[in-house]
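**Q** One structure is given below, represented as structure tokens, and several questions about it will come after.
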Amino acid sequence: MRKVVGIDGTFLKGQYWGVLLVATAQDGNGQCYPLAWGIVDSENEDAWTWFLTQLKEVIGDTDELALTSDRAPSIKKAISTVFEKAHHGAYAWHVAQNIKNKFKCADIMGPYWKISHRYPRVAEYLENEVGFEKWSRCHYPGLRYNITTTNMVESLNSMLVNARDFPYVTLLDVIQEKMSKWWNNRRIVAMAITAPLTPSREFEFRPRFAQSNGRHTLQLNPVTYHVKGGELEGVVDIFNKTCTCKEFDIDKLPCVHAIAAAHHSQVSVYSLVSPYYTKEYYVIAYSETIYPVGSQSQWDVPNEVATRVVLPREVKERKRGRPKTSRFPSVGEFRKRKNRCGKCGAYGHYKKKCNSQTGSTEGNQPTDVPV
């Protein structure tokens, strides 16, 4: 498993409210691999410190570990307190949203040198306040691979969009059942793989073979090769598994230059791939089985836990009106309003552009609603 862990929290919508914290990695096939779940009162420094302390007991703390999150101050402080060796990085998408809100500029996605010429204040903010090492993969002190967005965390939150209405115990049962299903299905897929790499990495890797054809390769020493051709040249070290294009260094998947060098040196290309992307590691990741908790009569509860007094969470008085079930848009995020057709009642188009041959044209009522 690649040592990149994304952490985030999502609010619960049940009677007792609260926040569900999650830490997840990615398996060799690019799928979410949840590591820990936790329920706390709110997202604050104490809550994150407790959650990360429990997480540290499972994954440890090394220089190779990368923790990614949004730029919430509580998360930043908790990480610096709990993880002394691991590196902390911010999601590029959150950094971009903060810039849009702070500097009121929309088009900021692109090469840094273009942004620095167009928005000098934004460039100064990225360099001094945020820091290159927080959002740029090439300046990151550790390894982030190709993970720069919150997708792996947000997908888990969206999976539980309905279950977040449930009581705490029911919610945890839903999570356990979903994880058991994932582990079983992915174990079956992993055992059926015949290629050396996982399906998604094989799909990403194969086109590079054709792109490497026709490149001129010059051997500089027993392990170093100069590869010419295409838009960018590269100097490859097949022993240290590096290339001057940096794609090989960061993603740990051979670039076109490394593939050309491997063919020239008669070295297996797959020997240069990180073991995290191989079938063997994929099978190991899902070799264990996630069992249900079982009935309470079968629990083996330690005495120190059984005698601990835990007070119920205080129930907050809800405001009048229909409870809000959707999250508040984050900084710089805007939601498009769905248009409803006055002829057919469907969403996504106006009455003038409706192709429906049936429907009431009187008022704005859909045809299936009695008038």
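Just remember, in the structure tokens the first chain shown is A, the second B, etc., residues are 1-based per chain, and ligands are 1-based in the order shown.
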Run DSSP on the backbone and grab whatever in range 20-104 of chain A lands in helix (DSSP H, G or I); send it over as a PyMOL selection string.
**A** chain A and resi 45-59+73-82+92-103
**Q** Please list as a PyMOL selection string every residue within 10 Å of Gly214 in chain A, counting only C-alpha atoms and excluding residues in the same chain fewer than 3 positions away.
**A** chain A and resi 210-211+217+228-230+260
**Q** Restricted to N, CA and C atoms, what would the selected residues look like written as an mmCIF file, in the first residue's frame?
**A**
data_model
loop_
_atom_site.group_PDB
_atom_site.id
_atom_site.type_symbol
_atom_site.label_atom_id
_atom_site.label_comp_id
_atom_site.auth_asym_id
_atom_site.auth_seq_id
_atom_site.Cartn_x
_atom_site.Cartn_y
_atom_site.Cartn_z
ATOM 1 N N ALA A 210 4.054 2.013 -26.703
ATOM 2 C CA ALA A 210 4.018 2.524 -28.074
ATOM 3 C C ALA A 210 4.701 3.885 -28.169
ATOM 4 N N GLN A 211 4.557 4.712 -27.130
ATOM 5 C CA GLN A 211 5.184 6.036 -27.143
ATOM 6 C C GLN A 211 6.709 5.957 -27.052
ATOM 7 N N THR A 217 18.335 5.878 -27.921
ATOM 8 C CA THR A 217 18.855 5.641 -26.575
ATOM 9 C C THR A 217 20.374 5.505 -26.612
ATOM 10 N N LYS A 228 16.557 10.231 -26.298
ATOM 11 C CA LYS A 228 16.144 11.374 -27.103
ATOM 12 C C LYS A 228 14.900 11.019 -27.908
ATOM 13 N N GLY A 229 14.238 12.080 -28.394
ATOM 14 C CA GLY A 229 13.037 11.886 -29.188
ATOM 15 C C GLY A 229 11.811 12.363 -28.440
ATOM 16 N N GLY A 230 10.824 12.817 -29.194
ATOM 17 C CA GLY A 230 9.629 13.351 -28.552
ATOM 18 C C GLY A 230 9.834 14.785 -28.104
ATOM 19 N N ALA A 260 12.164 2.936 -22.767
ATOM 20 C CA ALA A 260 13.137 2.860 -23.857
ATOM 21 C C ALA A 260 14.502 2.400 -23.347
#
**Q** For Thr194 in chain A, which residue out of A:Lys56, A:Lys279, A:Arg206, A:Arg121 is the nearest one, using only C-alpha atoms?
**A**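 Counting only C-alpha atoms, the residue closest to Thr194 in chain A is A:Lys279.
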**Q** Considering only C-alpha atoms, return as an NGL selection string whatever protein or nucleic-acid residues lie within 12 Å of Pro254 in chain A, sequence-local ones (same chain, fewer than 2 positions apart) excluded.
**A** :A and (201-202 or 204-209 or 212 or 234 or 236-238 or 240-243 or 245-252 or 256-263 or 268-274 or 277)
**Q** Can you spit out the residues from that selection as a CSV table (one decimal), in the first residue's frame, using N, CA and C atoms?
**A**
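Below you can see result_2.csv, which holds the result:
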chain,number,residue,atom,x,y,z
A,201,ARG,N,-3.4,0.2,-13.4
A,201,ARG,CA,-2.0,0.5,-13.7
A,201,ARG,C,-1.6,-0.1,-15.0
A,202,GLU,N,-2.1,-1.3,-15.3
A,202,GLU,CA,-1.8,-1.9,-16.6
A,202,GLU,C,-2.4,-1.0,-17.7
A,204,GLU,N,-2.9,2.2,-17.6
A,204,GLU,CA,-2.1,3.4,-17.7
A,204,GLU,C,-0.8,3.1,-18.3
A,205,PHE,N,-0.2,2.0,-18.1
A,205,PHE,CA,1.1,1.6,-18.4
A,205,PHE,C,1.3,1.3,-19.9
A,206,ARG,N,0.3,0.5,-20.5
A,206,ARG,CA,0.4,0.0,-21.8
A,206,ARG,C,0.7,1.0,-22.9
A,207,PRO,N,0.0,2.1,-22.9
A,207,PRO,CA,0.2,3.1,-24.0
A,207,PRO,C,1.6,3.6,-24.0
A,208,ARG,N,2.3,3.6,-22.9
A,208,ARG,CA,3.7,4.1,-22.9
A,208,ARG,C,4.7,3.3,-23.7
A,209,PHE,N,4.3,2.0,-23.9
A,209,PHE,CA,5.2,1.2,-24.7
A,209,PHE,C,5.2,1.7,-26.2
A,212,SER,N,7.2,4.9,-26.5
A,212,SER,CA,8.7,4.7,-26.3
A,212,SER,C,9.3,4.2,-27.6
A,234,GLY,N,15.3,12.7,-21.8
A,234,GLY,CA,15.4,12.2,-20.4
A,234,GLY,C,16.7,11.4,-20.2
A,236,VAL,N,18.0,8.5,-17.7
A,236,VAL,CA,17.4,7.5,-16.9
A,236,VAL,C,18.5,6.7,-16.1
A,237,ASP,N,18.2,6.5,-14.9
A,237,ASP,CA,19.1,5.7,-14.0
A,237,ASP,C,18.2,4.5,-13.7
A,238,ILE,N,18.4,3.3,-14.3
A,238,ILE,CA,17.6,2.2,-14.1
A,238,ILE,C,17.9,1.5,-12.8
A,240,ASN,N,18.7,3.3,-9.7
A,240,ASN,CA,18.0,4.1,-8.7
A,240,ASN,C,16.5,4.4,-9.1
A,241,LYS,N,16.1,4.0,-10.3
A,241,LYS,CA,14.8,4.2,-10.8
A,241,LYS,C,14.4,5.6,-10.8
A,242,THR,N,15.1,6.4,-11.5
A,242,THR,CA,14.9,7.9,-11.7
A,242,THR,C,15.0,8.3,-13.1
A,243,CYS,N,14.4,9.5,-13.4
A,243,CYS,CA,14.5,10.1,-14.7
A,243,CYS,C,14.5,11.6,-14.6
A,245,CYS,N,12.9,13.6,-16.2
A,245,CYS,CA,11.6,14.2,-16.5
A,245,CYS,C,10.8,14.2,-15.2
A,246,LYS,N,11.2,13.5,-14.1
A,246,LYS,CA,10.6,13.4,-12.8
A,246,LYS,C,9.3,12.6,-12.7
A,247,GLU,N,8.8,12.2,-13.9
A,247,GLU,CA,7.6,11.4,-13.8
A,247,GLU,C,7.8,10.0,-13.2
A,248,PHE,N,9.0,9.4,-13.6
A,248,PHE,CA,9.4,8.1,-13.0
A,248,PHE,C,9.6,8.2,-11.5
A,249,ASP,N,10.3,9.3,-11.1
A,249,ASP,CA,10.6,9.5,-9.7
A,249,ASP,C,9.4,9.7,-8.8
A,250,ILE,N,8.4,10.4,-9.3
A,250,ILE,CA,7.2,10.7,-8.4
A,250,ILE,C,6.2,9.6,-8.4
A,251,ASP,N,5.8,9.1,-9.6
A,251,ASP,CA,4.8,8.1,-9.7
A,251,ASP,C,5.2,6.7,-9.5
A,252,LYS,N,6.6,6.5,-9.5
A,252,LYS,CA,7.1,5.1,-9.4
A,252,LYS,C,6.6,4.2,-10.4
A,256,VAL,N,8.2,7.0,-20.4
A,256,VAL,CA,8.5,6.5,-21.8
A,256,VAL,C,10.1,6.4,-21.9
A,257,HIS,N,10.8,7.3,-21.2
A,257,HIS,CA,12.2,7.3,-21.3
A,257,HIS,C,12.8,6.0,-20.6
A,258,ALA,N,12.2,5.7,-19.4
A,258,ALA,CA,12.6,4.5,-18.7
A,258,ALA,C,12.3,3.2,-19.4
A,259,ILE,N,11.2,3.2,-20.1
A,259,ILE,CA,10.8,2.0,-20.9
A,259,ILE,C,11.8,1.8,-22.1
A,260,ALA,N,12.2,2.9,-22.8
A,260,ALA,CA,13.1,2.9,-23.9
A,260,ALA,C,14.5,2.4,-23.3
A,261,ALA,N,14.9,2.9,-22.2
A,261,ALA,CA,16.2,2.5,-21.6
A,261,ALA,C,16.2,1.0,-21.2
A,262,ALA,N,15.0,0.5,-20.7
A,262,ALA,CA,14.9,-0.9,-20.3
A,262,ALA,C,15.0,-1.8,-21.5
A,263,HIS,N,14.4,-1.4,-22.6
A,263,HIS,CA,14.5,-2.2,-23.8
A,263,HIS,C,15.9,-2.2,-24.4
A,268,SER,N,13.8,-6.2,-17.8
A,268,SER,CA,12.4,-6.3,-17.8
A,268,SER,C,11.8,-5.0,-17.3
A,269,VAL,N,10.9,-4.4,-18.1
A,269,VAL,CA,10.2,-3.2,-17.7
A,269,VAL,C,9.5,-3.3,-16.4
A,270,TYR,N,8.9,-4.4,-16.2
A,270,TYR,CA,8.1,-4.6,-15.0
A,270,TYR,C,8.9,-4.7,-13.7
A,271,SER,N,10.2,-4.9,-13.9
A,271,SER,CA,11.1,-4.9,-12.7
A,271,SER,C,11.4,-3.5,-12.2
A,272,LEU,N,11.0,-2.5,-13.0
A,272,LEU,CA,11.2,-1.1,-12.6
A,272,LEU,C,10.0,-0.5,-12.0
A,273,VAL,N,8.9,-1.2,-12.0
A,273,VAL,CA,7.6,-0.8,-11.4
A,273,VAL,C,7.6,-0.9,-9.9
A,274,SER,N,7.1,0.0,-9.2
A,274,SER,CA,6.9,-0.1,-7.8
A,274,SER,C,6.1,-1.3,-7.4
A,277,TYR,N,2.2,-1.5,-7.1
A,277,TYR,CA,1.2,-1.6,-8.3
A,277,TYR,C,1.1,-3.1,-8.8
**Q** Tell me which protein, DNA and RNA residues are within 9 Å of Leu67 in chain A, counting only C-alpha atoms, leaving out same-chain ones fewer than 3 positions away, and put them as an NGL selection string.
**A** :A and (3-7 or 79 or 86-90 or 144)
**Q** Could you work out how far CA of Glu233 in chain A lies from CA of Ser265 in chain A, giving the answer in Å with one decimal?
**A**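 Going from CA of Ser265 in chain A over to CA of Glu233 in chain A, I get 17.7 Å.
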**Q** One decimal, Å: what's the distance from CA of Ala36 in chain A over to CA of Val22 in chain A, could you say?
**A**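 CA of Val22 in chain A lies 5.7 Å from CA of Ala36 in chain A.
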**Q** Nearest residue to Trp17 in chain A out of A:Ile39, A:Leu65, A:Leu232, A:Cys32, using only C-alpha atoms?
**A** A:Ile39
**Q** If you measure from CA of Val161 in chain A to CA of Ala23 in chain A, what distance in Å do you get, rounded to one decimal?
**A** 17.1 Å
**Q** Closest to Tyr281 in chain A among A:Ile99, A:Ala190, A:Val82, A:Ala25, using only C-alpha atoms?
**A**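 Among A:Ile99, A:Ala190, A:Val82, A:Ala25, it is A:Ala190 that comes nearest to Tyr281 in chain A.
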**Q** Quick one: everything within 8 Å of Leu218 in chain A, counting only C-alpha atoms, minus sequence neighbours fewer than 3 positions away in the same chain. Send it as a PyMOL selection string.
**A** chain A and resi 225-227
**Q** Mind writing the picked residues with C-alpha atoms as a short mmCIF file (atom, residue, chain, number, x, y, z; two decimals), in the first residue's frame?
**A**
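File produced: selection.cif:
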data_model
loop_
_atom_site.label_atom_id
_atom_site.label_comp_id
_atom_site.auth_asym_id
_atom_site.auth_seq_id
_atom_site.Cartn_x
_atom_site.Cartn_y
_atom_site.Cartn_z
CA TYR A 225 20.94 6.10 -20.39
CA HIS A 226 20.21 9.25 -22.39
CA VAL A 227 16.90 8.95 -24.25
#
